[in-house]
Amino acid sequence: MTDTNFPPLGYQLHLGASHLYPTLLDKAFSTFQTLFDDYDIKKMHTQSFRGLTKITKAEVTLSDALKGFGISSDSMRVVVSAHGLLSRDTGDIFLFKPGAKISRSVLDIANLFSNAPVAVHVVIAPQPAYAPISEFVSKGGAHILKENPAAFSWVSAINNIRKIFPGKQLVLWPIEDQISQSVAFVEGITGLKFNDSERETIENLAKLERFADPQKDSMDLGITKTLFETYLSDLDRLQEMPDVTLMMNTAASDA
């Protein structure tokens with residue numbers, strides 16, 4: 001039996017990162033629409049969110065903005081999928097730069113959530129398996145990694161996101177196996193516990209995801225080792241950050 005494990009009125013904002021579960025939440029909500037309706041869990045589709053970005057300059061509250069998409073402010077849980085928001089205009093790797101310049105549209109949207117009970121979900125991956133980084137290496141960036149292994153530390157990226165959403169809870173999902181960890185990811189954002197049949201369906205949906213493969217031929221063993229060591233170091237440092245929850249050991253969600 002499916003049960004809930006979340007407080008009411010919780011906003012869950014899914015930011016990505018790019019190429020990591022880009023449409024899994026949309027597919028899950030479409031597949032289990034009746035189930036989510038029964039528990040009064042609403043979701044703004046990724047494409048609908050683009051419409052929200054166009055009204056941020058007006059004096060409008062978050063509840064008013066969502067009302068325009070048929071989402072009531074007294075819903076038990078509201079999932080807002082903004083996948084790709086942070087990278088669609090400026091490239092996939094700009095957030096790794098210390099003090100990266102954030103676009104005005106992103107800051108406007110973040111301001112909508114400033115007075116809302118929101119958890120910000122960010123999916124990360126080991127650097128050697130993250131396609132945007134391997135693509136950068138293949139285009140001549142290998143020397144940067146050799147000189148400065150921390151150039152692609154997730155710590156810098158998460159610090160930049162914390163500046164965008166000051167004081168908000170960040171939930172980080174280190175995805176090392178996109179299939180086996182998909183159920184825990186969907187459960188964590190929706191607040192539902194799925195039964196065996198539903199779990200199998202979610203894993204099948206995850207198999208259809210555009211989880212971009214890294215360009216393995218672009219990285220020699222030395223660079224791969226350096227990047228993976230950076231990832232392991234990142235996990236230790238991220239666990240010590242205030243207002244950050246690192247969702248470790250999610251390869252097999254609790255039954």
# chains A, B, ... in the order shown; residues from 1 in each chain; ligands from 1

call {"tool": "select_by_dssp", "arguments": {"residues": "region 93-178 of chain A", "states": "strand (DSSP E or B)", "output": "list in words"}}
result
Val118, Ala119, Val120, His121, Val122, Val123, Ile124, Gln169, Leu170, Val171, Leu172, Trp173 and Pro174 of chain A

call {"tool": "select_by_dssp", "arguments": {"residues": "region 23-178 of chain A", "states": "alpha helix (DSSP H)", "output": "ChimeraX atom specification"}}
result
/A:24-31,33-38,46-52,62-67,104-112,131-136,142-147,154-164

call {"tool": "closest_residue", "arguments": {"among": "A:Ser48, A:Asn159, A:Ser73, A:Ser81", "to": "Leu25 (chain A)", "atoms": "only C-alpha atoms"}}
result
A:Ser81

call {"tool": "closest_residue", "arguments": {"among": "A:Val118, A:Ala28, A:Ile189, A:Ile164", "to": "Arg104 (chain A)", "atoms": "only C-alpha atoms"}}
result
A:Ile164

call {"tool": "closest_residue", "arguments": {"among": "A:His121, A:Arg77, A:Lys67, A:His83", "to": "Leu20 (chain A)", "atoms": "only C-alpha atoms"}}
result
A:His83

call {"tool": "closest_residue", "arguments": {"among": "A:Tyr39, A:Phe69, A:Phe32, A:Phe165", "to": "Val120 (chain A)", "atoms": "only C-alpha atoms"}}
result
A:Phe165

call {"tool": "residues_around", "arguments": {"residues": "Asn115 (chain A)", "least_positions_apart": "3", "cutoff": "12 Å", "atoms": "only C-alpha atoms", "output": "ChimeraX atom specification"}}
result
/A:11,61-63,110-112,118,165-168

call {"tool": "write_last_selection", "arguments": {"atoms": "C-alpha atoms", "output": "PDB file, in the first residue's frame"}}
result
ATOM      1  CA  TYR A  11       7.234  22.981  -2.395  1.00  0.00           C
ATOM      2  CA  THR A  61       3.315  35.865  -5.368  1.00  0.00           C
ATOM      3  CA  LEU A  62       4.257  32.231  -5.824  1.00  0.00           C
ATOM      4  CA  SER A  63       0.739  31.046  -4.969  1.00  0.00           C
ATOM      5  CA  ALA A 110      14.365  32.298  -6.956  1.00  0.00           C
ATOM      6  CA  ASN A 111      12.779  35.424  -5.486  1.00  0.00           C
ATOM      7  CA  LEU A 112       9.340  33.861  -6.009  1.00  0.00           C
ATOM      8  CA  VAL A 118      10.732  24.981  -0.419  1.00  0.00           C
ATOM      9  CA  PHE A 165      18.463  30.249  -2.674  1.00  0.00           C
ATOM     10  CA  PRO A 166      19.871  31.573   0.629  1.00  0.00           C
ATOM     11  CA  GLY A 167      18.607  29.789   3.700  1.00  0.00           C
ATOM     12  CA  LYS A 168      16.685  27.161   1.717  1.00  0.00           C
TER      13      LYS A 168
END

call {"tool": "closest_residue", "arguments": {"among": "A:Ser233, A:Ser134, A:Ser114, A:Asn195", "to": "Ala150 (chain A)", "atoms": "only C-alpha atoms"}}
result
A:Ser233

call {"tool": "closest_residue", "arguments": {"among": "A:Gln178, A:Asp236, A:Ser75, A:Trp154", "to": "Asp37 (chain A)", "atoms": "only C-alpha atoms"}}
result
A:Ser75

call {"tool": "atom_distance", "arguments": {"atom1": "CA of Ala82 (chain A)", "atom2": "CA of Lys43 (chain A)"}}
result
11.0 Å

call {"tool": "residues_around", "arguments": {"residues": "Val183 (chain A)", "least_positions_apart": "3", "cutoff": "12 Å", "atoms": "only C-alpha atoms", "output": "number ranges by chain"}}
result
A: 21, 24-25, 28, 175, 177-180, 186-207, 250-255

call {"tool": "residues_around", "arguments": {"residues": "Ile158 (chain A)", "least_positions_apart": "3", "cutoff": "9 Å", "atoms": "only C-alpha atoms", "output": "PyMOL selection string"}}
result
chain A and resi 95-96+122+154-155+161-163+170+172+238

call {"tool": "atom_distance", "arguments": {"atom1": "CA of Phe36 (chain A)", "atom2": "CA of Gln181 (chain A)"}}
result
20.5 Å
